[in-house]
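Peer 1: Once you've had a glance at the structure underneath, I'll fire off some questions.
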Amino acid sequence: MESKRLKVVFTSLERGDRSFFSKALRDFNLALFEEGLSDIDISRIADADILSVFVFDKVDRKTLEKFKNLRLIHTRSVGYDHIDLDYCKEKGIKVTHVPAYSPYAVAQHALALILALLRHVERFKARTRNFEFSRDETLLANNLEDITVGVVGTGRIGGSVAKYLKVLGANVLAYDLYPKKELADLGVEYVSLEDILRKSDVITLHVPYTPQTHHLISEETISLMKKGVILVNTSRGGVIDTKAVYEAFLKGKISGLGLDVFEEEEVLIRKEYGKASSISLMLLELNTKDNVIITPHVAFYTRRAVENIRRDTLKVIKAFVEGDEDVLKAFSVKHTT
Ligand code: NAI
């Protein structure tokens with residue numbers, strides 16, 4: 001396939017990505033956008049052969065129907081729940097992602113949230129900022145060796161979180177459809193989801209967003225948790241029912257909340273406040289509380305991870321041009337529905 005004739009469209013680029021891809025793919029017919037897919041007039045890019053998107057781009061049927069020649073959609077992310085895979089399958093459009101640009105980057109951010117919440121870093125910061133440098137017995141913390149952390153989803157990222165926590169001395173419970181012997185050998189104890197909910201002082205979420213994991217954390221599952229549990233989510237916003245978590249936090253059932261991902265995150269990240277619902281309002285209120293830390297979907301955001309995403313994206317496009325099915329297969333999404 002001749003690269004010059006291929007139209008490649010990138011959306012949701014950062015400035016650094018833009019200069020990288022414009023150099024690396026100068027032989028292609030390129031269209032590079034910092035805007036998201038929903039802000040672009042699709043008629044300008046309807047002739048794209050390859051579309052590369054990011055997590056905030058909703059690649060739904062309605063949008064996809066406007067494209068005439070699309071043969072590859074590549075998301076520069078691990079998760080691909082924002083792409084209508086059924087439509088792509090129907091139309092023979094390949095879908096690729098970057099499965100392992102750096103699970104450690106995401107795991108380390110989850111760990112940062114867990115430790116900051118456990119040690120009341122935000123609360124102490126609020127106190128010292130107000131010239132209050134005394135201690136406060138209500139903020140007495142627990143050592144990691146004295147608590148139980150429940151890891152939900154022990155794939156690349158959750159598995160790394162479990163290992164880190166084990167090395168740091170925590171008692172680690174895990175739940176996954178496919179337990180890993182390697183983790184069990186390290187002393188990570190696989191249990192049922194119910195046991196994770198009932199026994200954990202900290203729960204950290206690392207499952208993909210699928211119909212099965214939609215609102216996995218709900219009023220019902222929260223009712224099984226320990227009072228004062230700390231909840232951390234670096235997976236996808238939809239894994240948590242925001243309203244249930246909001247109410248549980250206000251009642252003190254959840255005592256610490258670390259969210260790198262949240263429902264309606266594109267609304268807040270892109271400041272599209274006109275599209276905000278009560279979910280965004282609940283998040284904004286939660287974000288005023290001391291033991292809530294909300295970060296804007298940046299768990300992946302390290303130099304190494306960003307470089308790897310760019311490198312792997314080039315690999316996929318090159319493989320597509322060269323018809324290298326082995327490489328394309330390695331980056332293909334798993335279509336489970
Ligand atoms: P992975 O595919 O390696 O691991 C996912 C694990 O979840 C697998 O072990 C799988 O068996 C398990 N799982 C799937 N459905 C389940 C269910 N219904 N119940 C129990 N376990 C289930 O994926 P990886 O790399 O660990 O990423 C996990 C998620 O993290 C991604 O899908 C993505 O949504 C999110 N992510 C977030 C980032 C951020 O910046 N906040 C960056 C990268 C990924």
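By convention in this document, the chains of the structure tokens carry letters A, B, ... by their order, each chain's residues are numbered from 1, and ligands are numbered from 1 in the order they are shown.
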Tell me, counting only C-alpha atoms and all ligand atoms, for each residue of chain A within 8 Å of ligand 1, which pair of atoms is nearest and how far apart they are in Å to one decimal, in rows ordered by chain and increasing number, as CSV.
Peer 2:
residue,atom,partner,partner_atom_place_in_ligand_line,distance
A:Ser77,CA,ligand 1,43 (C),6.4
A:Val78,CA,ligand 1,44 (C),4.9
A:Gly79,CA,ligand 1,33 (C),4.1
A:Tyr80,CA,ligand 1,32 (O),7.3
A:Asp81,CA,ligand 1,34 (O),7.6
A:Pro99,CA,ligand 1,25 (O),6.1
A:Ala100,CA,ligand 1,25 (O),6.1
A:Pro103,CA,ligand 1,25 (O),5.9
A:Val106,CA,ligand 1,42 (C),5.7
A:Val152,CA,ligand 1,21 (N),6.6
A:Gly153,CA,ligand 1,7 (O),4.0
A:Thr154,CA,ligand 1,9 (O),4.6
A:Gly155,CA,ligand 1,4 (O),3.1
A:Arg156,CA,ligand 1,3 (O),3.8
A:Ile157,CA,ligand 1,26 (O),3.6
A:Gly158,CA,ligand 1,26 (O),5.4
A:Gly159,CA,ligand 1,26 (O),7.1
A:Tyr175,CA,ligand 1,20 (C),6.2
A:Asp176,CA,ligand 1,21 (N),3.8
A:Leu177,CA,ligand 1,21 (N),4.5
A:Tyr178,CA,ligand 1,11 (O),5.0
A:Pro179,CA,ligand 1,9 (O),7.4
A:His206,CA,ligand 1,28 (C),4.8
A:Val207,CA,ligand 1,7 (O),4.0
A:Pro208,CA,ligand 1,32 (O),3.3
A:Tyr209,CA,ligand 1,34 (O),5.8
A:Thr210,CA,ligand 1,15 (N),7.1
A:Gln212,CA,ligand 1,18 (N),5.0
A:Thr213,CA,ligand 1,18 (N),5.1
A:Asn233,CA,ligand 1,41 (N),7.9
A:Thr234,CA,ligand 1,41 (N),4.3
A:Ser235,CA,ligand 1,35 (C),3.7
A:Arg236,CA,ligand 1,34 (O),4.9
A:Asp260,CA,ligand 1,41 (N),5.7
A:Val261,CA,ligand 1,41 (N),5.9
A:His297,CA,ligand 1,41 (N),5.0
A:Val298,CA,ligand 1,40 (O),5.0
A:Ala299,CA,ligand 1,40 (O),3.9
A:Phe300,CA,ligand 1,40 (O),3.9
A:Tyr301,CA,ligand 1,40 (O),6.8
Peer 1: Write out the residues from the selection above, keeping N, CA, C and O atoms, as a short mmCIF file (atom, residue, chain, number, x, y, z; two decimals), in the first residue's frame.
Peer 2:
data_model
loop_
_atom_site.label_atom_id
_atom_site.label_comp_id
_atom_site.auth_asym_id
_atom_site.auth_seq_id
_atom_site.Cartn_x
_atom_site.Cartn_y
_atom_site.Cartn_z
N SER A 77 -4.80 4.51 23.44
CA SER A 77 -5.11 4.22 24.84
C SER A 77 -5.18 2.71 25.03
O SER A 77 -5.22 1.95 24.05
N VAL A 78 -5.24 2.30 26.30
CA VAL A 78 -5.46 0.88 26.61
C VAL A 78 -6.94 0.56 26.40
O VAL A 78 -7.32 -0.36 25.69
N GLY A 79 -7.81 1.37 27.06
CA GLY A 79 -9.26 1.12 27.00
C GLY A 79 -9.83 1.46 25.63
O GLY A 79 -9.32 2.35 24.93
N TYR A 80 -10.87 0.72 25.23
CA TYR A 80 -11.47 0.99 23.91
C TYR A 80 -12.99 0.95 24.00
O TYR A 80 -13.69 0.69 23.03
N ASP A 81 -13.49 1.26 25.21
CA ASP A 81 -14.94 1.24 25.42
C ASP A 81 -15.63 2.41 24.73
O ASP A 81 -16.85 2.48 24.69
N PRO A 99 -1.95 -1.71 24.12
CA PRO A 99 -2.32 -2.48 25.31
C PRO A 99 -1.37 -2.32 26.49
O PRO A 99 -1.80 -2.49 27.63
N ALA A 100 -0.13 -1.99 26.24
CA ALA A 100 0.82 -2.02 27.38
C ALA A 100 1.88 -0.95 27.25
O ALA A 100 3.07 -1.24 27.33
N PRO A 103 1.96 -0.10 32.03
CA PRO A 103 1.04 -0.38 33.14
C PRO A 103 1.57 0.21 34.44
O PRO A 103 0.80 0.60 35.31
N VAL A 106 0.35 3.78 35.31
CA VAL A 106 -1.01 3.85 35.86
C VAL A 106 -1.02 3.29 37.28
O VAL A 106 -1.62 3.87 38.20
N VAL A 152 -9.38 -4.96 42.44
CA VAL A 152 -10.42 -5.52 41.56
C VAL A 152 -9.92 -5.43 40.13
O VAL A 152 -9.80 -4.34 39.57
N GLY A 153 -9.59 -6.59 39.56
CA GLY A 153 -8.98 -6.64 38.22
C GLY A 153 -7.47 -6.70 38.37
O GLY A 153 -6.86 -5.71 38.78
N THR A 154 -6.91 -7.86 38.07
CA THR A 154 -5.45 -8.00 38.24
C THR A 154 -4.78 -8.29 36.90
O THR A 154 -4.00 -9.22 36.76
N GLY A 155 -5.13 -7.48 35.89
CA GLY A 155 -4.44 -7.55 34.60
C GLY A 155 -3.11 -6.84 34.72
O GLY A 155 -2.49 -6.83 35.78
N ARG A 156 -2.71 -6.21 33.62
CA ARG A 156 -1.39 -5.57 33.61
C ARG A 156 -1.27 -4.51 34.71
O ARG A 156 -0.29 -4.43 35.43
N ILE A 157 -2.31 -3.66 34.83
CA ILE A 157 -2.22 -2.56 35.79
C ILE A 157 -2.53 -3.04 37.21
O ILE A 157 -1.72 -2.84 38.13
N GLY A 158 -3.68 -3.67 37.38
CA GLY A 158 -4.05 -4.14 38.72
C GLY A 158 -3.01 -5.12 39.28
O GLY A 158 -2.70 -5.10 40.48
N GLY A 159 -2.45 -5.95 38.39
CA GLY A 159 -1.41 -6.90 38.82
C GLY A 159 -0.19 -6.15 39.36
O GLY A 159 0.40 -6.53 40.39
N TYR A 175 -9.50 -9.82 43.11
CA TYR A 175 -10.61 -10.46 42.43
C TYR A 175 -10.42 -10.26 40.93
O TYR A 175 -10.15 -9.15 40.47
N ASP A 176 -10.54 -11.34 40.18
CA ASP A 176 -10.44 -11.26 38.72
C ASP A 176 -11.11 -12.50 38.15
O ASP A 176 -11.18 -13.55 38.81
N LEU A 177 -11.61 -12.39 36.92
CA LEU A 177 -12.19 -13.56 36.27
C LEU A 177 -11.11 -14.61 36.04
O LEU A 177 -11.39 -15.81 36.02
N TYR A 178 -9.86 -14.13 35.87
CA TYR A 178 -8.75 -15.05 35.59
C TYR A 178 -7.62 -14.79 36.58
O TYR A 178 -6.71 -14.00 36.29
N PRO A 179 -7.65 -15.45 37.74
CA PRO A 179 -6.59 -15.26 38.74
C PRO A 179 -5.22 -15.61 38.16
O PRO A 179 -5.10 -16.47 37.29
N HIS A 206 -9.43 -1.83 38.74
CA HIS A 206 -8.58 -1.95 37.55
C HIS A 206 -9.18 -2.84 36.48
O HIS A 206 -8.46 -3.48 35.71
N VAL A 207 -10.51 -2.89 36.43
CA VAL A 207 -11.17 -3.68 35.38
C VAL A 207 -11.48 -2.77 34.18
O VAL A 207 -11.63 -1.56 34.35
N PRO A 208 -11.60 -3.35 33.00
CA PRO A 208 -12.03 -2.51 31.86
C PRO A 208 -13.50 -2.16 32.00
O PRO A 208 -14.22 -2.81 32.79
N TYR A 209 -13.95 -1.17 31.26
CA TYR A 209 -15.37 -0.81 31.30
C TYR A 209 -16.11 -1.63 30.25
O TYR A 209 -15.86 -1.50 29.05
N THR A 210 -16.97 -2.51 30.72
CA THR A 210 -17.74 -3.39 29.84
C THR A 210 -19.17 -3.43 30.38
O THR A 210 -19.42 -2.93 31.49
N GLN A 212 -20.50 -5.77 31.78
CA GLN A 212 -20.45 -6.49 33.06
C GLN A 212 -19.89 -5.62 34.20
O GLN A 212 -20.20 -5.86 35.36
N THR A 213 -19.05 -4.66 33.87
CA THR A 213 -18.44 -3.86 34.96
C THR A 213 -19.13 -2.50 35.10
O THR A 213 -18.73 -1.70 35.94
N ASN A 233 -10.30 4.82 41.99
CA ASN A 233 -10.64 4.36 40.63
C ASN A 233 -9.72 5.00 39.60
O ASN A 233 -9.75 6.21 39.40
N THR A 234 -8.89 4.14 38.98
CA THR A 234 -8.08 4.62 37.85
C THR A 234 -8.44 3.83 36.59
O THR A 234 -7.66 3.79 35.64
N SER A 235 -9.63 3.17 36.60
CA SER A 235 -9.97 2.33 35.43
C SER A 235 -10.82 3.12 34.44
O SER A 235 -10.27 3.75 33.53
N ARG A 236 -12.14 3.16 34.63
CA ARG A 236 -13.02 3.97 33.81
C ARG A 236 -14.15 4.49 34.70
O ARG A 236 -14.62 3.76 35.59
N ASP A 260 -9.27 9.07 39.33
CA ASP A 260 -8.58 9.62 38.15
C ASP A 260 -9.52 9.61 36.96
O ASP A 260 -9.27 10.28 35.96
N VAL A 261 -10.54 8.79 37.08
CA VAL A 261 -11.54 8.67 36.00
C VAL A 261 -12.91 8.79 36.64
O VAL A 261 -13.10 8.40 37.79
N HIS A 297 -7.86 12.19 34.59
CA HIS A 297 -7.48 11.08 33.70
C HIS A 297 -6.00 11.21 33.27
O HIS A 297 -5.69 11.27 32.08
N VAL A 298 -5.16 11.23 34.27
CA VAL A 298 -3.72 11.40 34.00
C VAL A 298 -2.87 10.27 34.58
O VAL A 298 -1.65 10.38 34.62
N ALA A 299 -3.53 9.18 35.00
CA ALA A 299 -2.74 8.10 35.59
C ALA A 299 -1.68 7.59 34.61
O ALA A 299 -0.60 7.16 35.00
N PHE A 300 -1.98 7.68 33.32
CA PHE A 300 -1.04 7.19 32.30
C PHE A 300 0.06 8.21 31.98
O PHE A 300 1.02 7.89 31.29
N TYR A 301 -0.08 9.42 32.49
CA TYR A 301 0.59 10.57 31.90
C TYR A 301 2.03 10.74 32.41
O TYR A 301 2.34 11.63 33.21
#
Peer 1: Can you list, as an MDAnalysis selection string, every protein, DNA or RNA residue that comes within 10 Å of Lys227 in chain A when you count only C-alpha atoms, leaving out same-chain residues fewer than 6 positions away?
Peer 2: chainID A and resid 198 201 248 251:255
Peer 1: Can you tell me how far CA of Thr204 in chain A sits from CA of Thr148 in chain A, in Å to one decimal?
Peer 2: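 Separation of CA of Thr204 in chain A and CA of Thr148 in chain A: 11.1 Å.
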Peer 1: List the spatial neighbours of range 26-38 of chain A as a PyMOL selection string - criterion: any atom at most 7 Å away, only C-alpha atoms, same-chain residues fewer than 2 positions off excluded.
Peer 2: chain A and resi 3-14+18+22-24+40+57
Peer 1: Once you have the residues from the selection above, write them out as a PDB file, in the first residue's frame, restricted to C-alpha atoms.
Peer 2:
ATOM      1  CA  SER A   3       1.516   5.648   2.228  1.00  0.00           C
ATOM      2  CA  LYS A   4       1.161   8.916   0.251  1.00  0.00           C
ATOM      3  CA  ARG A   5      -2.321   7.986  -0.850  1.00  0.00           C
ATOM      4  CA  LEU A   6      -3.510   7.040   2.619  1.00  0.00           C
ATOM      5  CA  LYS A   7      -5.388   9.672   4.553  1.00  0.00           C
ATOM      6  CA  VAL A   8      -4.610   9.459   8.259  1.00  0.00           C
ATOM      7  CA  VAL A   9      -6.614  11.565  10.704  1.00  0.00           C
ATOM      8  CA  PHE A  10      -5.553  12.130  14.302  1.00  0.00           C
ATOM      9  CA  THR A  11      -7.903  13.693  16.849  1.00  0.00           C
ATOM     10  CA  SER A  12      -7.396  14.879  20.458  1.00  0.00           C
ATOM     11  CA  LEU A  13      -3.674  15.448  19.995  1.00  0.00           C
ATOM     12  CA  GLU A  14      -1.499  17.354  22.411  1.00  0.00           C
ATOM     13  CA  ARG A  18       1.247  16.915  16.796  1.00  0.00           C
ATOM     14  CA  SER A  22       3.723  15.424  11.589  1.00  0.00           C
ATOM     15  CA  LYS A  23       7.436  14.570  11.290  1.00  0.00           C
ATOM     16  CA  ALA A  24       7.199  10.807  11.629  1.00  0.00           C
ATOM     17  CA  ILE A  40     -14.613  18.425  14.050  1.00  0.00           C
ATOM     18  CA  ASP A  57     -13.573  10.675  21.383  1.00  0.00           C
TER      19      ASP A  57
END
Peer 1: Which value, in Å to one decimal, gives the distance between CA of Leu113 in chain A and CA of Arg310 in chain A?
Peer 2: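 Atom-to-atom, CA of Leu113 in chain A to CA of Arg310 in chain A, that is 26.4 Å.
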Peer 1: Report the residues of range 13-189 of chain A whose backbone DSSP state falls under strand (DSSP E or B), written as a PyMOL selection string.
Peer 2: chain A and resi 29-32+50-53+59+72-75+83+94-96+148-152+171-175+189
Peer 1: From the list A:Thr96, A:Thr63, A:Thr288, A:Ser52, which residue is nearest Ala330 in chain A when using only C-alpha atoms?
Peer 2: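 Counting only C-alpha atoms, the residue closest to Ala330 in chain A is A:Thr96.
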